[in-house]
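Undergrad: Following this message is one structure expressed as structure tokens.
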Amino acid sequence: MTGSAQHTQAEAGERYDVFHTDCPARDVVDHVTSRWGVWVLISLRTNDLRFYELRESIQGISEKMLAQTLRALVQDGLVWREVEPTTPPQVTYGLTEFGRDVGEPLTELFDRITRRLTPPNAG
């Protein structure tokens, strides 16, 4: 995941041109809306989780893809990472304030979709 951008406040009145390919905000949007980025943000919405807990909560994701997705979201400033110096090291992830701000509408979208769908055993 190249081209990651740290979250920074834009100066008053300044806006990013997200339709331009060189826009750093576009990279963040790409990471958030990637196949796995959305699920990582939704999974971390209520609790900080260790790597293996995240992997278990997101069915279908490989360790490699989870590691790549987390790396990009950490670089973007959406997720924080804490390593406990144990053997083996225990790594915990959680949402930053920016990550909670971005993840909130994703969670609302997820909730709206699931409320509208017919339950699997109905009908």
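Here's how to read the names in the structure tokens: chain A, B, ... by the order shown, residue numbers from 1 in each chain, ligand numbers from 1 in the order shown.
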Do a neighbour search on A:Leu70 at 9 Å with only C-alpha atoms, toss out local chain neighbours closer than 3 positions, and write the hits as a list in words.
TA: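 Neighbouring residues, sequence-local ones excluded: Gly37, Val40, Met65, Leu66, Ala67, Leu73, Val74, Gln75, Val79, Arg81 and Tyr93 of chain A.
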Undergrad: Create the file for the chosen residues now, containing N, CA and C atoms and written as a PDB file, in the first residue's frame.
TA:
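part-v1.pdb, written as the output of this step:
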```pdb
ATOM      1  N   GLY A  37     -10.556  -2.799   4.464  1.00  0.00           N
ATOM      2  CA  GLY A  37     -10.471  -1.607   5.311  1.00  0.00           C
ATOM      3  C   GLY A  37     -11.763  -1.317   6.053  1.00  0.00           C
ATOM      4  N   VAL A  40     -12.172  -3.800   8.955  1.00  0.00           N
ATOM      5  CA  VAL A  40     -11.270  -3.526  10.078  1.00  0.00           C
ATOM      6  C   VAL A  40     -11.836  -2.372  10.909  1.00  0.00           C
ATOM      7  N   MET A  65      -3.274 -10.163   4.153  1.00  0.00           N
ATOM      8  CA  MET A  65      -4.138  -9.029   3.813  1.00  0.00           C
ATOM      9  C   MET A  65      -4.481  -8.199   5.050  1.00  0.00           C
ATOM     10  N   LEU A  66      -4.680  -8.858   6.190  1.00  0.00           N
ATOM     11  CA  LEU A  66      -4.959  -8.117   7.416  1.00  0.00           C
ATOM     12  C   LEU A  66      -3.759  -7.255   7.792  1.00  0.00           C
ATOM     13  N   ALA A  67      -2.568  -7.827   7.705  1.00  0.00           N
ATOM     14  CA  ALA A  67      -1.354  -7.069   8.030  1.00  0.00           C
ATOM     15  C   ALA A  67      -1.187  -5.875   7.093  1.00  0.00           C
ATOM     16  N   LEU A  73      -3.805   1.538   7.322  1.00  0.00           N
ATOM     17  CA  LEU A  73      -4.682   2.319   8.188  1.00  0.00           C
ATOM     18  C   LEU A  73      -3.908   2.978   9.326  1.00  0.00           C
ATOM     19  N   VAL A  74      -2.850   2.332   9.799  1.00  0.00           N
ATOM     20  CA  VAL A  74      -1.970   2.945  10.812  1.00  0.00           C
ATOM     21  C   VAL A  74      -1.233   4.131  10.187  1.00  0.00           C
ATOM     22  N   GLN A  75      -0.691   3.944   8.992  1.00  0.00           N
ATOM     23  CA  GLN A  75       0.026   5.035   8.310  1.00  0.00           C
ATOM     24  C   GLN A  75      -0.896   6.220   8.023  1.00  0.00           C
ATOM     25  N   VAL A  79      -5.866   4.106  12.618  1.00  0.00           N
ATOM     26  CA  VAL A  79      -5.716   3.018  13.587  1.00  0.00           C
ATOM     27  C   VAL A  79      -4.386   3.206  14.307  1.00  0.00           C
ATOM     28  N   ARG A  81      -1.426   1.308  16.868  1.00  0.00           N
ATOM     29  CA  ARG A  81      -0.844  -0.025  17.062  1.00  0.00           C
ATOM     30  C   ARG A  81       0.050   0.025  18.284  1.00  0.00           C
ATOM     31  N   TYR A  93      -4.573  -3.343  18.425  1.00  0.00           N
ATOM     32  CA  TYR A  93      -4.970  -2.274  17.522  1.00  0.00           C
ATOM     33  C   TYR A  93      -6.254  -1.624  18.031  1.00  0.00           C
TER      34      TYR A  93
END
```
Undergrad: Mind checking DSSP for stretch 8-112 of chain A and telling me the alpha helix (DSSP H) residues as a PyMOL selection string?
TA: chain A and resi 24-32+37-43+51-57+63-75+97-112
Undergrad: Can you tell me which residues surround A:Arg55 at a distance of at most 10 Å, considering only C-alpha atoms, apart from same-chain residues fewer than 3 positions away, and format the answer as a compact mmCIF listing (two decimals) with all heavy atoms, in the first residue's frame?
TA:
```txt
# COMPACT_ATOMS: atom_id res chain seq x y z
N VAL A 40 -12.17 -3.80 8.95
CA VAL A 40 -11.27 -3.53 10.08
C VAL A 40 -11.84 -2.37 10.91
O VAL A 40 -11.91 -2.46 12.14
CB VAL A 40 -9.84 -3.20 9.58
CG1 VAL A 40 -8.98 -2.65 10.72
CG2 VAL A 40 -9.19 -4.46 9.00
N SER A 43 -14.87 -3.56 12.79
CA SER A 43 -14.50 -4.51 13.86
C SER A 43 -13.92 -3.80 15.08
O SER A 43 -14.10 -4.25 16.20
CB SER A 43 -13.50 -5.53 13.34
OG SER A 43 -14.09 -6.36 12.39
N LEU A 49 -8.54 -4.55 19.72
CA LEU A 49 -8.38 -5.99 19.50
C LEU A 49 -6.94 -6.33 19.18
O LEU A 49 -6.23 -5.54 18.55
CB LEU A 49 -9.27 -6.46 18.34
CG LEU A 49 -10.78 -6.31 18.53
CD1 LEU A 49 -11.51 -6.64 17.22
CD2 LEU A 49 -11.28 -7.21 19.64
N ARG A 50 -6.55 -7.53 19.56
CA ARG A 50 -5.25 -8.06 19.15
C ARG A 50 -5.37 -8.57 17.73
O ARG A 50 -6.46 -8.81 17.22
CB ARG A 50 -4.82 -9.18 20.09
CG ARG A 50 -4.52 -8.64 21.48
CD ARG A 50 -3.67 -9.62 22.25
NE ARG A 50 -3.24 -9.01 23.48
CZ ARG A 50 -3.43 -9.53 24.68
NH1 ARG A 50 -4.02 -10.71 24.78
NH2 ARG A 50 -3.00 -8.90 25.73
N PHE A 51 -4.21 -8.75 17.10
CA PHE A 51 -4.18 -9.17 15.69
C PHE A 51 -5.02 -10.43 15.47
O PHE A 51 -5.86 -10.47 14.57
CB PHE A 51 -2.73 -9.39 15.25
CG PHE A 51 -2.60 -9.75 13.80
CD1 PHE A 51 -2.47 -8.75 12.85
CD2 PHE A 51 -2.62 -11.07 13.38
CE1 PHE A 51 -2.36 -9.06 11.49
CE2 PHE A 51 -2.50 -11.40 12.04
CZ PHE A 51 -2.37 -10.39 11.10
N TYR A 52 -4.81 -11.45 16.31
CA TYR A 52 -5.53 -12.71 16.09
C TYR A 52 -7.03 -12.54 16.32
O TYR A 52 -7.84 -13.20 15.66
CB TYR A 52 -4.96 -13.84 16.97
CG TYR A 52 -5.35 -13.77 18.42
CD1 TYR A 52 -6.50 -14.41 18.88
CD2 TYR A 52 -4.58 -13.07 19.35
CE1 TYR A 52 -6.88 -14.36 20.20
CE2 TYR A 52 -4.95 -13.01 20.68
CZ TYR A 52 -6.10 -13.65 21.10
OH TYR A 52 -6.47 -13.59 22.42
N ILE A 58 -13.03 -11.14 11.36
CA ILE A 58 -13.27 -10.82 9.94
C ILE A 58 -13.07 -12.10 9.14
O ILE A 58 -11.97 -12.42 8.71
CB ILE A 58 -12.31 -9.73 9.44
CG1 ILE A 58 -12.40 -8.48 10.33
CG2 ILE A 58 -12.62 -9.38 7.99
CD1 ILE A 58 -11.33 -7.45 10.03
N GLN A 59 -14.14 -12.84 8.95
CA GLN A 59 -14.03 -14.11 8.24
C GLN A 59 -13.61 -13.89 6.80
O GLN A 59 -14.08 -12.96 6.14
CB GLN A 59 -15.36 -14.85 8.30
CG GLN A 59 -15.71 -15.31 9.69
CD GLN A 59 -16.97 -16.15 9.71
OE1 GLN A 59 -17.53 -16.50 8.68
NE2 GLN A 59 -17.39 -16.51 10.91
N GLY A 60 -12.69 -14.73 6.32
CA GLY A 60 -12.26 -14.68 4.94
C GLY A 60 -11.00 -13.89 4.68
O GLY A 60 -10.45 -13.93 3.59
N ILE A 61 -10.51 -13.15 5.68
CA ILE A 61 -9.30 -12.35 5.48
C ILE A 61 -8.08 -13.20 5.82
O ILE A 61 -8.07 -13.94 6.79
CB ILE A 61 -9.32 -11.04 6.31
CG1 ILE A 61 -8.21 -10.10 5.85
CG2 ILE A 61 -9.25 -11.31 7.79
CD1 ILE A 61 -8.30 -8.69 6.41
N SER A 62 -7.05 -13.09 4.99
CA SER A 62 -5.81 -13.81 5.27
C SER A 62 -4.95 -12.96 6.21
O SER A 62 -5.15 -11.75 6.34
CB SER A 62 -5.04 -14.08 3.98
OG SER A 62 -4.56 -12.85 3.43
N GLU A 63 -3.98 -13.60 6.85
CA GLU A 63 -3.07 -12.86 7.72
C GLU A 63 -2.32 -11.79 6.94
O GLU A 63 -2.13 -10.67 7.41
CB GLU A 63 -2.06 -13.81 8.38
CG GLU A 63 -2.65 -14.58 9.52
CD GLU A 63 -1.61 -15.31 10.34
OE1 GLU A 63 -0.45 -14.86 10.40
OE2 GLU A 63 -1.97 -16.33 10.93
N MET A 65 -3.27 -10.16 4.15
CA MET A 65 -4.14 -9.03 3.81
C MET A 65 -4.48 -8.20 5.05
O MET A 65 -4.55 -6.97 4.98
CB MET A 65 -5.42 -9.51 3.13
CG MET A 65 -5.23 -9.90 1.70
SD MET A 65 -4.36 -8.67 0.67
CE MET A 65 -5.34 -7.23 0.90
N LEU A 66 -4.68 -8.86 6.19
CA LEU A 66 -4.96 -8.12 7.42
C LEU A 66 -3.76 -7.25 7.79
O LEU A 66 -3.91 -6.08 8.12
CB LEU A 66 -5.32 -9.07 8.56
CG LEU A 66 -5.61 -8.40 9.91
CD1 LEU A 66 -6.73 -7.37 9.79
CD2 LEU A 66 -5.94 -9.46 10.95
N ALA A 67 -2.57 -7.83 7.70
CA ALA A 67 -1.35 -7.07 8.03
C ALA A 67 -1.19 -5.88 7.09
O ALA A 67 -0.88 -4.76 7.54
CB ALA A 67 -0.13 -7.98 7.96
```
Undergrad: Just want the 9 Å neighbourhood of stretch 100-113 of chain A, counted on only C-alpha atoms, with same-chain residues fewer than 2 positions away dropped. Output as a PyMOL selection string.
TA: chain A and resi 32+38+41-42+44-45+78-79+95-98+115-117
Undergrad: Identify all residues of chain A in strand (DSSP E or B) (DSSP on the backbone) and supply them as a list of chain:residue names.
TA: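 Taking chain A and keeping strand (DSSP E or B) gives A:Leu49, A:Arg50, A:Val79, A:Trp80, A:Arg81, A:Glu82, A:Val83, A:Glu84, A:Gln90, A:Val91, A:Thr92, A:Tyr93, A:Gly94, A:Leu95.
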Undergrad: Between atom CA of A:Pro24 and atom CA of A:Trp80, what is the distance in Å, rounded to a tenth?
TA: 19.3 Å
Undergrad: Could you work out how far atom CA of A:Leu54 lies from atom CA of A:Gly99, giving the answer in Å with one decimal?
TA: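 Atom-to-atom, atom CA of A:Gly99 and atom CA of A:Leu54 are spaced 15.8 Å apart.
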Undergrad: Please report the interatomic distance between atom CA of A:Thr69 and atom CA of A:Ser57 in Å with one decimal.
TA: 14.6 Å
